[in-house]
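For reference, data_11.pdb is printed below; it contains PDB, C-alpha atoms.
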ATOM      1  CA  MET A  91     -12.531 -11.986-100.066  1.00  0.00           C
ATOM      2  CA  ALA A  92     -10.605 -13.712 -97.282  1.00  0.00           C
ATOM      3  CA  ASP A  93      -8.174 -15.142 -99.835  1.00  0.00           C
ATOM      4  CA  ILE A  94      -7.505 -11.695-101.293  1.00  0.00           C
ATOM      5  CA  ASN A  95      -6.904 -10.200 -97.850  1.00  0.00           C
ATOM      6  CA  SER A  96      -4.630 -13.075 -96.820  1.00  0.00           C
ATOM      7  CA  GLU A  97      -2.648 -12.707-100.031  1.00  0.00           C
ATOM      8  CA  LEU A  98      -2.347  -8.939 -99.511  1.00  0.00           C
ATOM      9  CA  LEU A  99      -1.150  -9.350 -95.928  1.00  0.00           C
ATOM     10  CA  ASN A 100       1.346 -12.076 -96.846  1.00  0.00           C
ATOM     11  CA  ARG A 101       2.706  -9.953 -99.685  1.00  0.00           C
ATOM     12  CA  HIS A 102       3.472  -7.058 -97.316  1.00  0.00           C
ATOM     13  CA  GLN A 103       5.093  -8.965 -94.463  1.00  0.00           C
ATOM     14  CA  ALA A 104       8.712  -8.087 -93.801  1.00  0.00           C
ATOM     15  CA  PRO A 105      11.232 -10.054 -95.862  1.00  0.00           C
ATOM     16  CA  ALA A 106      13.113 -12.853 -94.113  1.00  0.00           C
ATOM     17  CA  GLU A 107      16.347 -10.838 -93.925  1.00  0.00           C
ATOM     18  CA  GLN A 108      14.514  -7.972 -92.207  1.00  0.00           C
ATOM     19  CA  ARG A 109      12.847 -10.312 -89.699  1.00  0.00           C
ATOM     20  CA  ALA A 110      16.311 -11.738 -88.971  1.00  0.00           C
ATOM     21  CA  GLY A 111      17.585  -8.252 -88.107  1.00  0.00           C
ATOM     22  CA  ARG A 112      19.341  -7.574 -91.415  1.00  0.00           C
ATOM     23  CA  PRO A 113      18.263  -4.586 -93.522  1.00  0.00           C
ATOM     24  CA  ALA A 114      16.067  -5.415 -96.493  1.00  0.00           C
ATOM     25  CA  ALA A 115      17.197  -4.468 -99.969  1.00  0.00           C
ATOM     26  CA  ALA A 116      15.854  -1.246-101.432  1.00  0.00           C
ATOM     27  CA  PRO A 117      12.716  -1.676-103.562  1.00  0.00           C
ATOM     28  CA  GLN A 118      13.632  -2.279-107.165  1.00  0.00           C
ATOM     29  CA  SER A 119      10.482  -3.015-109.098  1.00  0.00           C
ATOM     30  CA  ASP A 120       7.606  -0.786-110.144  1.00  0.00           C
ATOM     31  CA  ALA A 121       5.286  -3.125-108.261  1.00  0.00           C
ATOM     32  CA  GLN A 122       7.204  -2.541-105.035  1.00  0.00           C
ATOM     33  CA  LEU A 123       7.271   1.212-105.577  1.00  0.00           C
ATOM     34  CA  ILE A 124       3.565   1.448-106.411  1.00  0.00           C
ATOM     35  CA  THR A 125       2.883  -0.458-103.207  1.00  0.00           C
ATOM     36  CA  PHE A 126       4.628   2.325-101.288  1.00  0.00           C
ATOM     37  CA  VAL A 127       2.668   4.953-103.228  1.00  0.00           C
ATOM     38  CA  GLU A 128      -0.593   3.251-102.319  1.00  0.00           C
ATOM     39  CA  LEU A 129       0.467   2.811 -98.701  1.00  0.00           C
ATOM     40  CA  LEU A 130       1.127   6.564 -98.540  1.00  0.00           C
ATOM     41  CA  PHE A 131      -2.372   7.246 -99.906  1.00  0.00           C
ATOM     42  CA  PHE A 132      -3.965   4.948 -97.326  1.00  0.00           C
ATOM     43  CA  ALA A 133      -1.770   6.239 -94.487  1.00  0.00           C
ATOM     44  CA  TYR A 134      -2.683   9.848 -95.326  1.00  0.00           C
ATOM     45  CA  ARG A 135      -6.368   8.935 -95.518  1.00  0.00           C
ATOM     46  CA  ASP A 136      -6.284   7.463 -92.024  1.00  0.00           C
ATOM     47  CA  PHE A 137      -3.892  10.098 -90.617  1.00  0.00           C
ATOM     48  CA  THR A 138      -6.408  12.819 -91.519  1.00  0.00           C
ATOM     49  CA  ARG A 139      -9.664  10.953 -90.815  1.00  0.00           C
ATOM     50  CA  GLU A 140     -10.100  11.739 -87.107  1.00  0.00           C
ATOM     51  CA  ALA A 141      -8.926  15.331 -87.509  1.00  0.00           C
ATOM     52  CA  ASP A 142     -11.333  15.809 -90.434  1.00  0.00           C
ATOM     53  CA  ALA A 143     -14.233  14.667 -88.245  1.00  0.00           C
ATOM     54  CA  VAL A 144     -13.341  17.193 -85.534  1.00  0.00           C
ATOM     55  CA  LEU A 145     -12.823  19.989 -88.070  1.00  0.00           C
ATOM     56  CA  SER A 146     -16.206  19.308 -89.658  1.00  0.00           C
ATOM     57  CA  GLU A 147     -17.871  20.004 -86.290  1.00  0.00           C
ATOM     58  CA  PHE A 148     -16.771  23.630 -86.799  1.00  0.00           C
ATOM     59  CA  GLY A 149     -17.270  23.897 -90.549  1.00  0.00           C
ATOM     60  CA  LEU A 150     -13.514  23.743 -91.130  1.00  0.00           C
ATOM     61  CA  GLY A 151     -11.422  21.581 -93.435  1.00  0.00           C
ATOM     62  CA  ARG A 152      -7.849  20.439 -94.018  1.00  0.00           C
ATOM     63  CA  ALA A 153      -6.706  23.804 -95.380  1.00  0.00           C
ATOM     64  CA  HIS A 154      -7.885  25.466 -92.149  1.00  0.00           C
ATOM     65  CA  HIS A 155      -6.099  22.761 -90.152  1.00  0.00           C
ATOM     66  CA  ARG A 156      -2.775  23.314 -91.916  1.00  0.00           C
ATOM     67  CA  VAL A 157      -2.891  27.081 -91.435  1.00  0.00           C
ATOM     68  CA  LEU A 158      -3.953  26.797 -87.787  1.00  0.00           C
ATOM     69  CA  HIS A 159      -1.276  24.165 -87.111  1.00  0.00           C
ATOM     70  CA  PHE A 160       1.620  26.299 -88.341  1.00  0.00           C
ATOM     71  CA  VAL A 161       0.307  29.528 -86.829  1.00  0.00           C
ATOM     72  CA  ASN A 162      -0.098  27.785 -83.475  1.00  0.00           C
ATOM     73  CA  ARG A 163       3.369  26.189 -83.652  1.00  0.00           C
ATOM     74  CA  HIS A 164       5.031  29.440 -84.769  1.00  0.00           C
ATOM     75  CA  PRO A 165       3.287  32.420 -83.142  1.00  0.00           C
ATOM     76  CA  GLY A 166       3.838  35.674 -85.011  1.00  0.00           C
ATOM     77  CA  LEU A 167       4.172  33.946 -88.368  1.00  0.00           C
ATOM     78  CA  ARG A 168       3.799  36.387 -91.253  1.00  0.00           C
ATOM     79  CA  VAL A 169       1.167  35.785 -93.922  1.00  0.00           C
ATOM     80  CA  ALA A 170       4.021  35.595 -96.452  1.00  0.00           C
ATOM     81  CA  ASP A 171       5.607  32.806 -94.371  1.00  0.00           C
ATOM     82  CA  VAL A 172       2.376  30.789 -94.388  1.00  0.00           C
ATOM     83  CA  LEU A 173       2.249  31.109 -98.175  1.00  0.00           C
ATOM     84  CA  ASP A 174       5.842  29.873 -98.400  1.00  0.00           C
ATOM     85  CA  ILE A 175       5.324  26.969 -95.981  1.00  0.00           C
ATOM     86  CA  LEU A 176       2.098  25.678 -97.516  1.00  0.00           C
ATOM     87  CA  LYS A 177       2.876  26.542-101.158  1.00  0.00           C
ATOM     88  CA  ILE A 178      -0.631  27.859-101.751  1.00  0.00           C
ATOM     89  CA  THR A 179      -1.903  30.922-103.575  1.00  0.00           C
ATOM     90  CA  LYS A 180      -2.712  34.214-101.857  1.00  0.00           C
ATOM     91  CA  GLN A 181      -6.300  33.770-102.971  1.00  0.00           C
ATOM     92  CA  SER A 182      -6.757  30.363-101.334  1.00  0.00           C
ATOM     93  CA  LEU A 183      -5.009  31.499 -98.139  1.00  0.00           C
ATOM     94  CA  ALA A 184      -7.129  34.666 -98.014  1.00  0.00           C
ATOM     95  CA  ARG A 185     -10.360  32.631 -98.047  1.00  0.00           C
ATOM     96  CA  VAL A 186      -9.175  30.227 -95.328  1.00  0.00           C
ATOM     97  CA  LEU A 187      -7.538  32.891 -93.183  1.00  0.00           C
ATOM     98  CA  LYS A 188     -10.591  35.159 -93.348  1.00  0.00           C
ATOM     99  CA  GLN A 189     -12.766  32.392 -91.916  1.00  0.00           C
ATOM    100  CA  LEU A 190     -10.215  31.537 -89.201  1.00  0.00           C
ATOM    101  CA  VAL A 191      -9.952  35.206 -88.179  1.00  0.00           C
ATOM    102  CA  ASP A 192     -13.694  35.947 -88.453  1.00  0.00           C
ATOM    103  CA  GLU A 193     -14.535  32.941 -86.270  1.00  0.00           C
ATOM    104  CA  GLY A 194     -11.875  33.754 -83.680  1.00  0.00           C
ATOM    105  CA  TRP A 195      -9.439  30.877 -84.261  1.00  0.00           C
ATOM    106  CA  ILE A 196      -6.589  33.188 -85.313  1.00  0.00           C
ATOM    107  CA  VAL A 197      -5.739  36.782 -84.404  1.00  0.00           C
ATOM    108  CA  GLN A 198      -3.902  39.140 -86.793  1.00  0.00           C
ATOM    109  CA  LYS A 199      -1.614  41.883 -85.511  1.00  0.00           C
ATOM    110  CA  ALA A 200       0.370  44.516 -87.363  1.00  0.00           C
ATOM    111  CA  GLY A 201       4.160  44.146 -87.293  1.00  0.00           C
ATOM    112  CA  ALA A 202       6.022  46.338 -84.790  1.00  0.00           C
ATOM    113  CA  LEU A 203       8.541  47.627 -87.346  1.00  0.00           C
ATOM    114  CA  ASP A 204       6.456  47.338 -90.495  1.00  0.00           C
ATOM    115  CA  ARG A 205       2.783  48.043 -89.845  1.00  0.00           C
ATOM    116  CA  ARG A 206       1.923  46.524 -93.243  1.00  0.00           C
ATOM    117  CA  GLN A 207       3.010  43.094 -92.043  1.00  0.00           C
ATOM    118  CA  ARG A 208       0.252  40.874 -90.759  1.00  0.00           C
ATOM    119  CA  LEU A 209       1.501  38.650 -87.969  1.00  0.00           C
ATOM    120  CA  LEU A 210      -0.638  35.663 -87.078  1.00  0.00           C
ATOM    121  CA  TYR A 211      -1.318  34.167 -83.660  1.00  0.00           C
ATOM    122  CA  ALA A 212      -3.636  31.370 -82.571  1.00  0.00           C
ATOM    123  CA  SER A 213      -6.286  32.580 -80.140  1.00  0.00           C
ATOM    124  CA  GLU A 214      -6.976  30.553 -76.986  1.00  0.00           C
ATOM    125  CA  LYS A 215      -9.808  28.900 -78.900  1.00  0.00           C
ATOM    126  CA  GLY A 216      -7.439  28.194 -81.812  1.00  0.00           C
ATOM    127  CA  LYS A 217      -4.752  26.795 -79.498  1.00  0.00           C
ATOM    128  CA  ALA A 218      -7.283  24.436 -77.938  1.00  0.00           C
ATOM    129  CA  LEU A 219      -8.470  23.136 -81.307  1.00  0.00           C
ATOM    130  CA  SER A 220      -4.929  22.797 -82.629  1.00  0.00           C
ATOM    131  CA  GLY A 221      -3.927  20.878 -79.494  1.00  0.00           C
ATOM    132  CA  ARG A 222      -6.917  18.564 -79.844  1.00  0.00           C
ATOM    133  CA  LEU A 223      -6.025  17.812 -83.481  1.00  0.00           C
ATOM    134  CA  ASP A 224      -2.322  17.373 -82.661  1.00  0.00           C
ATOM    135  CA  THR A 225      -3.200  14.885 -79.918  1.00  0.00           C
ATOM    136  CA  LEU A 226      -5.256  12.760 -82.320  1.00  0.00           C
ATOM    137  CA  GLN A 227      -2.546  12.709 -84.955  1.00  0.00           C
ATOM    138  CA  MET A 228       0.338  12.226 -82.527  1.00  0.00           C
ATOM    139  CA  ARG A 229      -1.468   9.211 -81.081  1.00  0.00           C
ATOM    140  CA  ARG A 230      -1.764   7.671 -84.561  1.00  0.00           C
ATOM    141  CA  VAL A 231       1.908   8.365 -85.323  1.00  0.00           C
ATOM    142  CA  ALA A 232       2.996   6.921 -81.958  1.00  0.00           C
ATOM    143  CA  GLN A 233       1.002   3.736 -82.632  1.00  0.00           C
ATOM    144  CA  ALA A 234       2.526   3.385 -86.095  1.00  0.00           C
ATOM    145  CA  LEU A 235       6.057   3.905 -84.772  1.00  0.00           C
ATOM    146  CA  GLU A 236       5.377   1.340 -82.052  1.00  0.00           C
ATOM    147  CA  ALA A 237       4.195  -1.126 -84.688  1.00  0.00           C
ATOM    148  CA  ALA A 238       7.311  -0.431 -86.790  1.00  0.00           C
ATOM    149  CA  GLY A 239       9.401  -1.730 -83.907  1.00  0.00           C
ATOM    150  CA  PRO A 240      12.102  -0.367 -81.640  1.00  0.00           C
ATOM    151  CA  GLY A 241      14.793   1.709 -83.265  1.00  0.00           C
ATOM    152  CA  ASN A 242      12.853   2.518 -86.424  1.00  0.00           C
ATOM    153  CA  ASP A 243      11.946   6.107 -85.498  1.00  0.00           C
ATOM    154  CA  ALA A 244      15.067   7.579 -87.092  1.00  0.00           C
ATOM    155  CA  SER A 245      14.569   5.549 -90.291  1.00  0.00           C
ATOM    156  CA  VAL A 246      10.973   6.722 -90.566  1.00  0.00           C
ATOM    157  CA  ALA A 247      12.036  10.340 -89.995  1.00  0.00           C
ATOM    158  CA  ARG A 248      14.771  10.071 -92.636  1.00  0.00           C
ATOM    159  CA  PHE A 249      12.314   8.518 -95.112  1.00  0.00           C
ATOM    160  CA  LEU A 250       9.711  11.244 -94.588  1.00  0.00           C
ATOM    161  CA  PHE A 251      12.361  13.972 -94.784  1.00  0.00           C
ATOM    162  CA  ALA A 252      13.730  12.458 -98.010  1.00  0.00           C
ATOM    163  CA  MET A 253      10.213  12.668 -99.520  1.00  0.00           C
ATOM    164  CA  ILE A 254      10.458  16.475 -99.265  1.00  0.00           C
ATOM    165  CA  THR A 255      11.963  18.212-102.285  1.00  0.00           C
ATOM    166  CA  GLU A 256      15.628  18.890-101.725  1.00  0.00           C
ATOM    167  CA  GLU A 257      15.180  22.661-102.192  1.00  0.00           C
ATOM    168  CA  GLU A 258      12.587  22.758 -99.379  1.00  0.00           C
ATOM    169  CA  ARG A 259      14.435  20.662 -96.795  1.00  0.00           C
ATOM    170  CA  THR A 260      16.227  23.597 -95.159  1.00  0.00           C
ATOM    171  CA  LEU A 261      12.946  25.493 -94.717  1.00  0.00           C
ATOM    172  CA  VAL A 262      11.205  22.400 -93.365  1.00  0.00           C
ATOM    173  CA  GLU A 263      14.027  21.533 -90.978  1.00  0.00           C
ATOM    174  CA  ALA A 264      13.948  25.102 -89.617  1.00  0.00           C
ATOM    175  CA  LEU A 265      10.255  24.612 -88.753  1.00  0.00           C
ATOM    176  CA  LEU A 266      10.797  21.328 -86.910  1.00  0.00           C
ATOM    177  CA  PRO A 267      11.234  21.290 -83.123  1.00  0.00           C
ATOM    178  CA  GLY A 268      14.617  19.578 -83.514  1.00  0.00           C
ATOM    179  CA  PRO A 269      16.941  18.033 -86.088  1.00  0.00           C
ATOM    180  CA  VAL A 270      15.584  15.181 -88.175  1.00  0.00           C
ATOM    181  CA  GLU A 271      18.298  12.870 -86.799  1.00  0.00           C
ATOM    182  CA  ALA A 272      17.128  13.531 -83.228  1.00  0.00           C
ATOM    183  CA  THR A 273      13.480  12.723 -83.930  1.00  0.00           C
ATOM    184  CA  ALA A 274      13.757   9.299 -82.312  1.00  0.00           C
ATOM    185  CA  THR A 275      14.653  10.890 -78.970  1.00  0.00           C
ATOM    186  CA  HIS A 276      11.639  13.256 -79.013  1.00  0.00           C
ATOM    187  CA  ARG A 277       9.084  10.458 -78.686  1.00  0.00           C
ATOM    188  CA  LYS A 278       7.951   9.338 -75.264  1.00  0.00           C
TER     189      LYS A 278
END
Please lay out the structure from this file as structure tokens.
Amino acid sequence: MADINSELLNRHQAPAEQRAGRPAAAPQSDAQLITFVELLFFAYRDFTREADAVLSEFGLGRAHHRVLHFVNRHPGLRVADVLDILKITKQSLARVLKQLVDEGWIVQKAGALDRRQRLLYASEKGKALSGRLDTLQMRRVAQALEAAGPGNDASVARFLFAMITEEERTLVEALLPGPVEATATHRK
């Protein structure tokens, strides 16, 4: 087992040109690309692990987390906006939202101009949970950016942004606290 782990670690060390400060060539082989696919799977697994444990204390899951996150970050979000952001069906959102409202994590209010609109707000309880989950995940991201080395924040942000479908990038960028290019300056 030690030989396998050593081989895996050696295989994923930065190429010589990158260690020397020169940019590495873009991945060209299927083997290199599948490595990135698998790294994304493992990164997502670990990115969500701590938050999942906290959510399970309350009988909530990842779908609840995503809804609560965006409602907390964008108070007064319309139900239609949540559907557009998360790309989920009305039926799946209805189930998740009902539980979040019934348990007091989210509050619904009618729109001022259109009473049919349902505007969503995180309750104090919801804000506290969302903040707790954000703190866990921001800590993990900060550690990963630190490990990536100085000056890599912008590259990581550009990579993640490029993973988003081109048609959705404008919507996503509008939801972010600042431009993708400025992400490196937002980290403390």
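Closest to Thr179 in chain A among A:Gly216, A:Ala153, A:Pro269, A:Asn162 is A:Ala153, based on only C-alpha atoms.
Picked out by the PyMOL selection byres ((chain A and resi 159) around 9) when it runs on this file: His154, His155, Arg156, Val157, Leu158, Phe160, Val161, Asn162, Arg163, His164, Ala212, Lys217, Ser220, Gly221, Leu223 and Asp224 of chain A.
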Counting only C-alpha atoms, which residues in range 113-202 of chain A sit no more than 12 Å from range 240-259 of chain A? For each one, give the nearest pair of atoms and the distance in Å, sorted by chain then residue number, as CSV.
residue,atom,partner,partner_atom,distance
A:Pro113,CA,A:Ser245,CA,11.3
A:Phe126,CA,A:Phe249,CA,11.6
A:Val127,CA,A:Met253,CA,11.4
A:Leu130,CA,A:Leu250,CA,10.5
A:Asp174,CA,A:Glu258,CA,9.9
A:Ile175,CA,A:Glu258,CA,9.1
A:Leu176,CA,A:Glu258,CA,11.0
A:Lys177,CA,A:Glu258,CA,10.6
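Computed from the coordinates, the CA of Tyr211 in chain A to CA of Gly268 in chain A distance equals 21.6 Å.
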Pick from A:Ala141, A:Gln198, A:Lys188, A:Gly166, whichever lies nearest to Leu219 in chain A using all atoms listed in the file: A:Ala141
